[in-house]
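Worksheet for the structure shown next.
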Amino acid sequence: MHQAIVCKSEFCINKTLLSVTAHSKAFTIRSRCAVHVSAPLIEASELTKQFGSVKALAGLSFRVMPGEIYGLLGPNGAGKTTAIKIITGLMEPTSGSVKVEGFDPIENSLEVKSRIGYVAEKPILYESLSSRDFLEFVASIRKLDQNAANRMVTQLADAFGMAKYFDAPIATLSMGLKQKVALIASLVHQPPVLLLDEPLSGLDAKSSRIVKDLLSLHTQKGGAVLFSTHIMEVAEHLCTRIGIIYQGKIVAEGTLDQLKSKTGNKSETLESLFLKLTNEETEVADKTRLLGDVFFKNEAA
Ligand SMILES: Nc1ncnc2c1ncn2[C@@H]1O[C@H](COP(=O)(O)OP(=O)(O)O)[C@@H](O)[C@H]1O
Ligand SMILES: [Mg+2]
């Protein structure tokens, strides 16, 4: 049964407490998205991507449903950034297909761009502009109502504790602050789908917590989040479902409990499961032994 519904996302950040609550009036995001109850917001099917002799993706398939925070968890070079770039339409796959709310990112580029908020691994910002001017520019190219966009941007900036840096050139900001500017830019048009490539890497603990709460609220209201990470704890604490990606394809997928039960050992940590699934456990043990040799043999000598 595919019953079409219109969902209105409405959530808020309490800027005084810097915590997110569902009912605060501090700021409100409303996203309107026509979704089918059982239709995925993101669907990647058998994606491959070849860069010369390097196979970055080798038949990657996964779906992200409304309400899900799906974590692509994998080691460096596993293909996370390539997959996300293909979903945004910035890169074409060698083969396979992607749909965002049923739209193809290359053929229906405008439809997809209006539905996604994207934070790149290394966000591209206009460094000579201030955050305020940059975000006004983003709102204008998205043809948003300037007053509403300004209100939203101001409230997000307050929530992220960056109001006082808002008129400084972006070039002078720390990596964490730049990441916050990129996050605000990705949220300003209230997209149903968020694509975040390693979104918490430069953020302090408080801001990470705000982002996590924000993502939970986004999905509670029917949005979807796809994010990539190589950090086990982030995946463990944030995701409703995890896809472990290794050498360009999903090697295991499920909720944390489902993943743990695959090994028959419920007390297994996600880290050891991850290392097993990506065949890195033996390699890590070998490297640790090697390090032990280096340190302790030198000490004994
Ligand atoms: N533009 C590119 N040209 C050549 N090789 C690339 C390019 N982008 C990525 N790769 C290669 O594809 C593989 C997957 O990279 P990437 O998607 O960035 O992985 P991850 O984000 O999981 O660290 C790596 O081997 C990387 O070196
Ligand atoms: Mg990457």
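Naming scheme: A, B, ... for chains in displayed order of the structure tokens; residues 1 onward per chain; ligands 1 onward as shown.
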
Selection within 7 Å of ligand 1 by only C-alpha atoms and all ligand atoms, output as a PyMOL selection string: chain A and resi 51+54-56+74-83

Prev. selection, C-alpha atoms, output as a CSV table (one decimal), in the first residue's frame:
```csv
chain,number,residue,atom,x,y,z
A,51,PHE,CA,38.5,6.0,-11.2
A,54,VAL,CA,40.6,2.2,-8.8
A,55,LYS,CA,37.2,0.8,-8.1
A,56,ALA,CA,35.7,3.2,-5.5
A,74,GLY,CA,33.6,2.5,6.9
A,75,PRO,CA,37.3,2.9,6.9
A,76,ASN,CA,39.2,5.6,4.9
A,77,GLY,CA,38.9,4.9,1.2
A,78,ALA,CA,35.8,2.7,1.6
A,79,GLY,CA,33.8,4.8,-0.9
A,80,LYS,CA,31.6,6.9,1.5
A,81,THR,CA,32.4,10.3,-0.1
A,82,THR,CA,32.0,8.9,-3.6
A,83,ALA,CA,28.6,7.5,-2.8
```

Fewer than 5 positions away in the same chain doesn't count, so skip those; otherwise give me all residues within 9 Å of stretch 61-67 of chain A, counting only C-alpha atoms, as a ChimeraX atom specification. /A:35-47,96,192-193,216,218-226,240-241,243,249-250,253

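Here atom CA of A:Gly102 and atom CA of A:Leu195 stand 16.1 Å from one another.
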
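Nearest to ligand 2 of all the residues A:Val119, A:Ile210, A:Ile106, A:Ala171 is A:Val119, counting only C-alpha atoms and all ligand atoms.
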
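Among A:Pro191, A:Gly248, A:Gly161, A:Gly59, the residue with the shortest atom-to-atom distance to ligand 2, counting only C-alpha atoms and all ligand atoms, is A:Gly248.
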
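Each of A:Ile170, A:Met162, A:Ile244, A:Leu215 was compared to A:Glu127 using only C-alpha atoms, and A:Ile170 turns out to be the nearest.
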
If you run DSSP over the backbone, which residues in stretch 106-161 of chain A end up strand (DSSP E)? Put them as a ChimeraX atom specification. /A:116-119

Measuring atom to atom with only C-alpha atoms and all ligand atoms, identify which of A:Leu196, A:Ala159, A:Ala139, A:Val153 is nearest to ligand 2. A:Leu196

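Counting only C-alpha atoms, the residue from A:Leu256, A:Glu111, A:Ala235, A:Leu73 that sits nearest to A:Thr278 is A:Leu73.
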
Within 9 Å of A:Lys206, counting only C-alpha atoms, which residues show up once you throw out same-chain ones fewer than 3 positions away? Write them as a ChimeraX atom specification, please. /A:18,160,203,209-211

Export, as an mmCIF file, in the first residue's frame, the selected residues with N, CA and C atoms.
```
data_model
loop_
_atom_site.group_PDB
_atom_site.id
_atom_site.type_symbol
_atom_site.label_atom_id
_atom_site.label_comp_id
_atom_site.auth_asym_id
_atom_site.auth_seq_id
_atom_site.Cartn_x
_atom_site.Cartn_y
_atom_site.Cartn_z
ATOM 1 N N LEU A 18 20.682 26.048 24.689
ATOM 2 C CA LEU A 18 21.443 25.350 23.659
ATOM 3 C C LEU A 18 21.081 23.873 23.593
ATOM 4 N N PHE A 160 24.071 27.485 17.577
ATOM 5 C CA PHE A 160 25.425 26.943 17.437
ATOM 6 C C PHE A 160 26.482 27.832 18.108
ATOM 7 N N LEU A 203 33.558 19.533 15.119
ATOM 8 C CA LEU A 203 32.696 20.218 16.087
ATOM 9 C C LEU A 203 33.069 19.872 17.529
ATOM 10 N N ARG A 209 26.391 17.703 20.035
ATOM 11 C CA ARG A 209 25.146 17.306 20.680
ATOM 12 C C ARG A 209 23.941 18.022 20.046
ATOM 13 N N ILE A 210 24.142 19.316 19.745
ATOM 14 C CA ILE A 210 23.057 20.074 19.114
ATOM 15 C C ILE A 210 22.737 19.490 17.739
ATOM 16 N N VAL A 211 23.798 19.154 16.989
ATOM 17 C CA VAL A 211 23.571 18.572 15.654
ATOM 18 C C VAL A 211 22.834 17.247 15.786
#
```

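If only C-alpha atoms and all ligand atoms are the atoms counted, then among A:Ser228, A:Gln155, A:Ser186, A:Thr48 the closest residue to ligand 2 is A:Ser228.
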
Write out as a compact mmCIF listing (two decimals) with C-alpha atoms, in the first residue's frame which residues come within 9 Å of A:Cys239 when counting only C-alpha atoms, dropping same-chain ones fewer than 2 positions away.
```txt
# COMPACT_ATOMS: atom_id res chain seq x y z
CA GLU A 68 15.80 7.09 9.46
CA ILE A 69 19.27 8.28 10.33
CA TYR A 70 21.33 5.94 8.21
CA GLY A 71 25.05 5.81 8.88
CA PHE A 227 25.72 10.48 6.94
CA VAL A 234 29.06 8.36 16.36
CA ALA A 235 27.38 5.57 14.42
CA GLU A 236 26.55 3.71 17.62
CA HIS A 237 24.88 6.66 19.33
CA ARG A 241 20.42 1.93 11.00
CA ILE A 242 24.00 1.34 9.97
CA THR A 255 20.27 -1.73 13.58
CA LEU A 256 23.02 -1.96 16.15
```
